[in-house]
Amino acid sequence: MTDFFNQFMPNVVANWTGDNGMVQGIWQTLYMTFWTTLIGGAIGLALGIALVVYDENGILSNRVVYSILDKIVNVFRSIPFIILLSVVFPITQLLVGTTIGPKGALVPLIIGAAPFYARQVQNTLVQIDPGVIESAEALGYGPWTIITQVYLREGLPDLIRTSVLTIISIIGLTAMAGAVGGGGLGYIAVSKGYQRYQNDITIVATLLILVIVFIIQGIGDLWARKIDHR
């Protein structure tokens with residue numbers, strides 16, 4: 001087996017460990033994905049819920065607030081991520097002290113992921129039966145109770161599927177961030193694979209990204225089905 005890898009993937013073997021090696025690239029990709037999912041997901045969830053409750057037919061209907069939030073989400077969703085990386089460089093430098101590496105990629109990743117997830121959350125929650133919301137209001141439930149006990153509980157399976165979709169999109173964004181110095185498997189695939197004509201590195205880095213995606217997709221599907229059958 002060792003001879004096989006040495007013969008057909010010599011560059012992968014040579015760059016498996018060490019600085020900017022494949023192992024480090026895996027951890028950097030997971031690092032960026034985890035923190036972007038955690039922080040961007042929390043912001044996106046809050047924005048998505050706000051878009052639903054402040055909508056014209058929401059439980060806290062407020063046209064002005066909804067219009068502001070809707071435009072913020074639309075603006076940031078419309079900016080191509082590769083451009084967003086450059087636009088937020090000053091903010092990134094101010095917040096984390098660097099614009100390169102996984103740490104420097106977190107700010108644009110979070111700004112790029114949060115509005116995408118917010119819109120997905122909104123689209124999920126607006127599908128909940130209005131009759132259920134009206135029943136909760138008739139029983140005297142307050143806004144917070146309706147959000148936590150009705151919106152989030154009723155929409156949980158679809159929210160899980162939406163979250164998986166967002167995480168997979170984030171992995172794609174980390175690869176794009178890596179192409180401009182963000183680190184991770186995307187950086188290795190481009191800087192060590194594509195630019196140096198080391199095709200085995202490009203192929204293996206791509207396969208590793210696919211493995212991460214398939215694992216997340218599988219876990220999400222299992223979790224969603226389990227919740228659905230409760």
# chains A, B, ... in the order shown; residues from 1 in each chain; ligands from 1
>>> closest_atom_pairs(of="region 53-98 of chain A", to="region 108-129 of chain A", cutoff="10 Å", atoms="only C-alpha atoms", output="tab-separated table")
residue	atom	partner	partner_atom	distance
A:Val53	CA	A:Val126	CA	9.4
A:Asp55	CA	A:Val126	CA	9.8
A:Asn57	CA	A:Val126	CA	9.7
A:Gly58	CA	A:Val126	CA	9.2
A:Leu69	CA	A:Pro115	CA	9.8
A:Asp70	CA	A:Arg119	CA	9.0
A:Ile72	CA	A:Pro115	CA	8.1
A:Val73	CA	A:Pro115	CA	4.9
A:Asn74	CA	A:Pro115	CA	7.6
A:Val75	CA	A:Pro115	CA	8.9
A:Phe76	CA	A:Pro115	CA	6.5
A:Arg77	CA	A:Pro115	CA	6.0
A:Ser78	CA	A:Gly112	CA	9.5
A:Ile79	CA	A:Gly112	CA	8.3
A:Pro80	CA	A:Gly112	CA	8.7
A:Phe81	CA	A:Gly112	CA	6.6
A:Ile82	CA	A:Pro108	CA	9.4
A:Ile83	CA	A:Pro108	CA	9.8
A:Leu84	CA	A:Pro108	CA	6.5
A:Leu85	CA	A:Pro108	CA	5.6
A:Ser86	CA	A:Pro108	CA	8.7
A:Val87	CA	A:Pro108	CA	8.8
A:Val88	CA	A:Pro108	CA	6.5
A:Phe89	CA	A:Pro108	CA	8.2
A:Ile91	CA	A:Pro108	CA	9.0
A:Thr92	CA	A:Pro108	CA	7.5
>>> write_last_selection(atoms="C-alpha atoms", output="PDB file, in the first residue's frame")
ATOM      1  CA  VAL A  53     -41.941  37.667  13.441  1.00  0.00           C
ATOM      2  CA  ASP A  55     -43.182  40.359   8.765  1.00  0.00           C
ATOM      3  CA  ASN A  57     -48.275  38.711   9.063  1.00  0.00           C
ATOM      4  CA  GLY A  58     -45.871  38.042  11.926  1.00  0.00           C
ATOM      5  CA  LEU A  69     -33.528  43.581   8.064  1.00  0.00           C
ATOM      6  CA  ASP A  70     -34.722  42.378   4.670  1.00  0.00           C
ATOM      7  CA  ILE A  72     -29.478  44.022   4.992  1.00  0.00           C
ATOM      8  CA  VAL A  73     -29.881  40.338   4.207  1.00  0.00           C
ATOM      9  CA  ASN A  74     -30.420  41.015   0.503  1.00  0.00           C
ATOM     10  CA  VAL A  75     -27.363  43.265   0.228  1.00  0.00           C
ATOM     11  CA  PHE A  76     -24.929  40.835   1.850  1.00  0.00           C
ATOM     12  CA  ARG A  77     -26.381  37.841   0.014  1.00  0.00           C
ATOM     13  CA  SER A  78     -25.862  39.646  -3.276  1.00  0.00           C
ATOM     14  CA  ILE A  79     -22.128  40.303  -2.829  1.00  0.00           C
ATOM     15  CA  PRO A  80     -19.994  37.570  -4.438  1.00  0.00           C
ATOM     16  CA  PHE A  81     -17.881  35.977  -1.726  1.00  0.00           C
ATOM     17  CA  ILE A  82     -14.581  36.529  -3.526  1.00  0.00           C
ATOM     18  CA  ILE A  83     -15.361  40.282  -3.544  1.00  0.00           C
ATOM     19  CA  LEU A  84     -16.601  40.203   0.045  1.00  0.00           C
ATOM     20  CA  LEU A  85     -13.202  38.865   1.100  1.00  0.00           C
ATOM     21  CA  SER A  86     -11.574  42.051  -0.159  1.00  0.00           C
ATOM     22  CA  VAL A  87     -14.281  44.470   0.992  1.00  0.00           C
ATOM     23  CA  VAL A  88     -14.140  43.389   4.646  1.00  0.00           C
ATOM     24  CA  PHE A  89     -10.330  43.269   4.898  1.00  0.00           C
ATOM     25  CA  ILE A  91     -12.901  45.019   9.425  1.00  0.00           C
ATOM     26  CA  THR A  92     -11.106  41.682   9.572  1.00  0.00           C
TER      27      THR A  92
END
>>> select_by_dssp(residues="region 10-187 of chain A", states="alpha helix (DSSP H)", output="MDAnalysis selection string")
chainID A and resid 10:14 22:35 41:53 63:78 81:87 89:96 101:125 130:138 143:146 152:154 156:177 184:187
>>> closest_residue(among="A:Val52, A:Met32, A:Leu165, A:Leu95", to="Gly218 (chain A)", atoms="only C-alpha atoms")
A:Leu165
>>> closest_residue(among="A:Ile209, A:Ile167, A:Ile215, A:Leu185", to="Gly21 (chain A)", atoms="only C-alpha atoms")
A:Leu185
